[in-house]
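Asker: My structure is in query32.txt, and what it holds is compact mmCIF, C-alpha atoms:
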```
# COMPACT_ATOMS: atom_id res chain seq x y z
CA MET A 366 16.99 -2.52 -0.74
CA VAL A 367 15.04 -2.48 -4.02
CA GLU A 368 14.19 -5.82 -5.64
CA ASN A 369 12.09 -6.15 -8.80
CA GLY A 370 10.57 -2.71 -8.30
CA TYR A 371 9.82 -3.25 -4.59
CA LEU A 372 11.40 -1.42 -1.68
CA ARG A 373 11.79 -3.74 1.29
CA LEU A 374 10.81 -1.93 4.48
CA GLY A 375 11.36 -4.79 6.90
CA ARG A 376 9.51 -7.77 8.34
CA ILE A 377 6.43 -8.18 10.49
CA GLY A 378 5.93 -11.59 12.06
CA GLY A 379 8.43 -13.08 9.63
CA ALA A 380 6.57 -11.76 6.56
CA PRO A 381 8.38 -9.25 4.36
CA VAL A 382 6.90 -5.76 4.15
CA ARG A 383 7.47 -4.32 0.69
CA VAL A 384 6.20 -1.28 -1.22
CA HIS A 385 6.12 -1.09 -5.02
CA TRP A 386 7.60 2.01 -6.63
CA SER A 387 4.21 2.86 -8.13
CA ALA A 388 2.38 3.01 -4.76
CA PRO A 389 2.90 6.77 -4.23
CA LEU A 390 1.69 7.44 -7.79
CA THR A 391 -1.38 5.27 -7.25
CA ILE A 392 -2.27 6.97 -3.97
CA ALA A 393 -1.75 10.46 -5.42
CA GLY A 394 -3.71 9.58 -8.56
CA LEU A 395 -6.62 8.15 -6.61
CA GLY A 396 -6.55 11.15 -4.29
CA LEU A 397 -6.77 13.53 -7.22
CA LEU A 398 -9.42 11.52 -9.06
CA LEU A 399 -11.69 11.05 -6.07
CA ASN A 400 -11.49 14.72 -5.08
CA GLY A 401 -12.16 16.38 -8.41
CA PHE A 402 -8.48 17.07 -9.06
CA ARG A 403 -8.15 19.15 -5.90
CA PHE A 404 -5.20 18.90 -3.51
CA VAL A 405 -6.66 17.21 -0.41
CA PRO A 406 -3.86 15.57 1.63
CA ALA A 407 -6.34 14.17 4.18
CA ALA A 408 -7.98 12.18 1.37
CA TRP A 409 -4.59 10.79 0.34
CA LEU A 410 -3.93 9.76 3.91
CA ALA A 411 -7.35 8.07 4.06
CA ILE A 412 -6.57 6.15 0.86
CA LEU A 413 -3.18 5.09 2.25
CA ILE A 414 -4.81 3.87 5.47
CA LEU A 415 -7.47 1.99 3.51
CA ILE A 416 -4.81 0.23 1.40
CA VAL A 417 -2.74 -0.69 4.48
CA VAL A 418 -5.81 -2.08 6.30
CA HIS A 419 -6.75 -4.05 3.17
CA GLU A 420 -3.27 -5.57 2.89
CA LEU A 421 -3.22 -6.40 6.61
CA GLY A 422 -6.48 -8.27 6.00
CA HIS A 423 -4.64 -10.43 3.48
CA ALA A 424 -1.92 -11.15 6.05
CA VAL A 425 -4.45 -12.05 8.76
CA THR A 426 -6.26 -14.40 6.38
CA VAL A 427 -3.02 -16.13 5.36
CA ARG A 428 -2.06 -16.66 9.00
CA ALA A 429 -5.56 -17.84 9.97
CA PHE A 430 -5.49 -20.55 7.31
CA GLY A 431 -1.83 -21.45 7.88
CA LEU A 432 -0.80 -20.57 4.34
CA GLY A 433 2.58 -19.36 3.18
```
Step by step, read the file and then write its structure as structure tokens.
Answerer:
Amino acid sequence: MVENGYLRLGRIGGAPVRVHWSAPLTIAGLGLLLNGFRFVPAAWLAILILIVVHELGHAVTVRAFGLG
């Protein structure tokens, strides 16, 4: 279901997991920019993993401090 530009993927630990419509464009754009405008899918995967780990860090911090 899409809400306000976000696609809801599900829930993890009660927290909603959502992806903005622009995420694929951002990942592809960063992949192209950082690789001299060459097609390097492994770089795109690395960027995706980095973003996911970063966002999980936000979730861990929120839980550690008991925030909502």
Asker: Would you work out the distance separating atom CA of A:Leu399 from atom CA of A:His419, expressed in Å to one decimal?
Answerer: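 A separation of 18.4 Å between them.
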Asker: One decimal, Å: what's the distance from atom CA of A:Ala429 over to atom CA of A:Tyr371, could you say?
Answerer: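 Separation of atom CA of A:Ala429 and atom CA of A:Tyr371: 25.7 Å.
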Asker: What's around stretch 372-389 of chain A at 12 Å? Count only C-alpha atoms, leave out sequence neighbours fewer than 5 positions away in its own chain, and write the answer as a list in words.
Answerer: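 After dropping sequence-adjacent residues, the list is Met366, Val367, Gly394, Leu395, Gly396, Trp409, Leu410, Ile412, Leu413, Ile416, Val417, Glu420, Leu421, His423, Ala424, Val425, Val427, Arg428, Leu432 and Gly433 of chain A.
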Asker: Please indicate the distance in Å from atom CA of A:Phe402 to atom CA of A:Val418, rounded to one decimal place.
Answerer: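 Straight-line distance from atom CA of A:Phe402 to atom CA of A:Val418 works out to 24.7 Å.
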Asker: Give me, as a list in words, all polymer residues having an atom no more than 10 Å from A:Leu397, counting only C-alpha atoms and skipping those fewer than 5 positions away in the same chain.
Answerer: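 Once the nearby chain positions are removed, what remains is Thr391, Ile392, Phe402, Arg403, Phe404, Val405, Pro406, Ala408 and Trp409 of chain A.
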Asker: Would you mind completing stretch 392-403 of chain A to all heavy atoms and writing the output as a PDB file, keeping the file's coordinate frame?
Answerer:
```
ATOM      1  N   ILE A 392      -1.586   6.253  -5.044  1.00  0.00           N
ATOM      2  CA  ILE A 392      -2.270   6.970  -3.970  1.00  0.00           C
ATOM      3  C   ILE A 392      -2.549   8.413  -4.386  1.00  0.00           C
ATOM      4  O   ILE A 392      -3.662   8.921  -4.210  1.00  0.00           O
ATOM      5  CB  ILE A 392      -1.445   6.917  -2.671  1.00  0.00           C
ATOM      6  CG1 ILE A 392      -1.417   5.475  -2.155  1.00  0.00           C
ATOM      7  CG2 ILE A 392      -2.002   7.854  -1.613  1.00  0.00           C
ATOM      8  CD1 ILE A 392      -0.383   5.220  -1.088  1.00  0.00           C
ATOM      9  N   ALA A 393      -1.563   9.076  -4.971  1.00  0.00           N
ATOM     10  CA  ALA A 393      -1.750  10.460  -5.420  1.00  0.00           C
ATOM     11  C   ALA A 393      -2.805  10.532  -6.523  1.00  0.00           C
ATOM     12  O   ALA A 393      -3.678  11.404  -6.512  1.00  0.00           O
ATOM     13  CB  ALA A 393      -0.433  11.046  -5.894  1.00  0.00           C
ATOM     14  N   GLY A 394      -2.744   9.598  -7.459  1.00  0.00           N
ATOM     15  CA  GLY A 394      -3.710   9.580  -8.560  1.00  0.00           C
ATOM     16  C   GLY A 394      -5.127   9.358  -8.073  1.00  0.00           C
ATOM     17  O   GLY A 394      -6.062  10.049  -8.490  1.00  0.00           O
ATOM     18  N   LEU A 395      -5.299   8.399  -7.171  1.00  0.00           N
ATOM     19  CA  LEU A 395      -6.620   8.150  -6.610  1.00  0.00           C
ATOM     20  C   LEU A 395      -7.103   9.360  -5.819  1.00  0.00           C
ATOM     21  O   LEU A 395      -8.282   9.734  -5.894  1.00  0.00           O
ATOM     22  CB  LEU A 395      -6.607   6.918  -5.707  1.00  0.00           C
ATOM     23  CG  LEU A 395      -6.689   5.575  -6.393  1.00  0.00           C
ATOM     24  CD1 LEU A 395      -6.452   4.457  -5.392  1.00  0.00           C
ATOM     25  CD2 LEU A 395      -8.021   5.399  -7.075  1.00  0.00           C
ATOM     26  N   GLY A 396      -6.194   9.963  -5.065  1.00  0.00           N
ATOM     27  CA  GLY A 396      -6.550  11.150  -4.290  1.00  0.00           C
ATOM     28  C   GLY A 396      -7.035  12.282  -5.186  1.00  0.00           C
ATOM     29  O   GLY A 396      -8.030  12.945  -4.887  1.00  0.00           O
ATOM     30  N   LEU A 397      -6.353  12.478  -6.288  1.00  0.00           N
ATOM     31  CA  LEU A 397      -6.770  13.530  -7.220  1.00  0.00           C
ATOM     32  C   LEU A 397      -8.092  13.179  -7.902  1.00  0.00           C
ATOM     33  O   LEU A 397      -8.994  14.015  -7.995  1.00  0.00           O
ATOM     34  CB  LEU A 397      -5.681  13.756  -8.275  1.00  0.00           C
ATOM     35  CG  LEU A 397      -4.434  14.472  -7.804  1.00  0.00           C
ATOM     36  CD1 LEU A 397      -3.363  14.443  -8.886  1.00  0.00           C
ATOM     37  CD2 LEU A 397      -4.757  15.897  -7.414  1.00  0.00           C
ATOM     38  N   LEU A 398      -8.199  11.945  -8.366  1.00  0.00           N
ATOM     39  CA  LEU A 398      -9.420  11.520  -9.060  1.00  0.00           C
ATOM     40  C   LEU A 398     -10.652  11.598  -8.171  1.00  0.00           C
ATOM     41  O   LEU A 398     -11.702  12.096  -8.593  1.00  0.00           O
ATOM     42  CB  LEU A 398      -9.253  10.060  -9.527  1.00  0.00           C
ATOM     43  CG  LEU A 398      -8.948   9.845 -10.985  1.00  0.00           C
ATOM     44  CD1 LEU A 398      -8.611   8.399 -11.251  1.00  0.00           C
ATOM     45  CD2 LEU A 398     -10.049  10.325 -11.865  1.00  0.00           C
ATOM     46  N   LEU A 399     -10.531  11.108  -6.963  1.00  0.00           N
ATOM     47  CA  LEU A 399     -11.690  11.050  -6.070  1.00  0.00           C
ATOM     48  C   LEU A 399     -12.073  12.410  -5.494  1.00  0.00           C
ATOM     49  O   LEU A 399     -13.155  12.553  -4.931  1.00  0.00           O
ATOM     50  CB  LEU A 399     -11.417  10.052  -4.933  1.00  0.00           C
ATOM     51  CG  LEU A 399     -11.266   8.599  -5.371  1.00  0.00           C
ATOM     52  CD1 LEU A 399     -10.874   7.729  -4.191  1.00  0.00           C
ATOM     53  CD2 LEU A 399     -12.545   8.090  -6.012  1.00  0.00           C
ATOM     54  N   ASN A 400     -11.208  13.400  -5.641  1.00  0.00           N
ATOM     55  CA  ASN A 400     -11.490  14.720  -5.080  1.00  0.00           C
ATOM     56  C   ASN A 400     -11.591  15.798  -6.157  1.00  0.00           C
ATOM     57  O   ASN A 400     -11.344  16.969  -5.888  1.00  0.00           O
ATOM     58  CB  ASN A 400     -10.400  15.104  -4.066  1.00  0.00           C
ATOM     59  CG  ASN A 400     -10.512  14.256  -2.838  1.00  0.00           C
ATOM     60  OD1 ASN A 400     -11.488  14.351  -2.111  1.00  0.00           O
ATOM     61  ND2 ASN A 400      -9.533  13.395  -2.630  1.00  0.00           N
ATOM     62  N   GLY A 401     -11.969  15.401  -7.347  1.00  0.00           N
ATOM     63  CA  GLY A 401     -12.160  16.380  -8.410  1.00  0.00           C
ATOM     64  C   GLY A 401     -10.912  17.156  -8.757  1.00  0.00           C
ATOM     65  O   GLY A 401     -10.987  18.339  -9.060  1.00  0.00           O
ATOM     66  N   PHE A 402      -9.772  16.487  -8.717  1.00  0.00           N
ATOM     67  CA  PHE A 402      -8.480  17.070  -9.060  1.00  0.00           C
ATOM     68  C   PHE A 402      -8.111  18.260  -8.173  1.00  0.00           C
ATOM     69  O   PHE A 402      -7.474  19.216  -8.602  1.00  0.00           O
ATOM     70  CB  PHE A 402      -8.402  17.431 -10.549  1.00  0.00           C
ATOM     71  CG  PHE A 402      -8.441  16.215 -11.414  1.00  0.00           C
ATOM     72  CD1 PHE A 402      -9.642  15.770 -11.934  1.00  0.00           C
ATOM     73  CD2 PHE A 402      -7.300  15.493 -11.665  1.00  0.00           C
ATOM     74  CE1 PHE A 402      -9.698  14.624 -12.697  1.00  0.00           C
ATOM     75  CE2 PHE A 402      -7.335  14.346 -12.429  1.00  0.00           C
ATOM     76  CZ  PHE A 402      -8.541  13.909 -12.951  1.00  0.00           C
ATOM     77  N   ARG A 403      -8.535  18.168  -6.907  1.00  0.00           N
ATOM     78  CA  ARG A 403      -8.150  19.150  -5.900  1.00  0.00           C
ATOM     79  C   ARG A 403      -7.105  18.521  -4.987  1.00  0.00           C
ATOM     80  O   ARG A 403      -7.100  17.328  -4.780  1.00  0.00           O
ATOM     81  CB  ARG A 403      -9.355  19.589  -5.075  1.00  0.00           C
ATOM     82  CG  ARG A 403     -10.312  20.456  -5.859  1.00  0.00           C
ATOM     83  CD  ARG A 403     -11.537  20.811  -5.052  1.00  0.00           C
ATOM     84  NE  ARG A 403     -12.290  19.577  -4.828  1.00  0.00           N
ATOM     85  CZ  ARG A 403     -12.862  19.237  -3.680  1.00  0.00           C
ATOM     86  NH1 ARG A 403     -12.788  20.023  -2.635  1.00  0.00           N
ATOM     87  NH2 ARG A 403     -13.520  18.116  -3.555  1.00  0.00           N
TER      88      ARG A 403
END
```
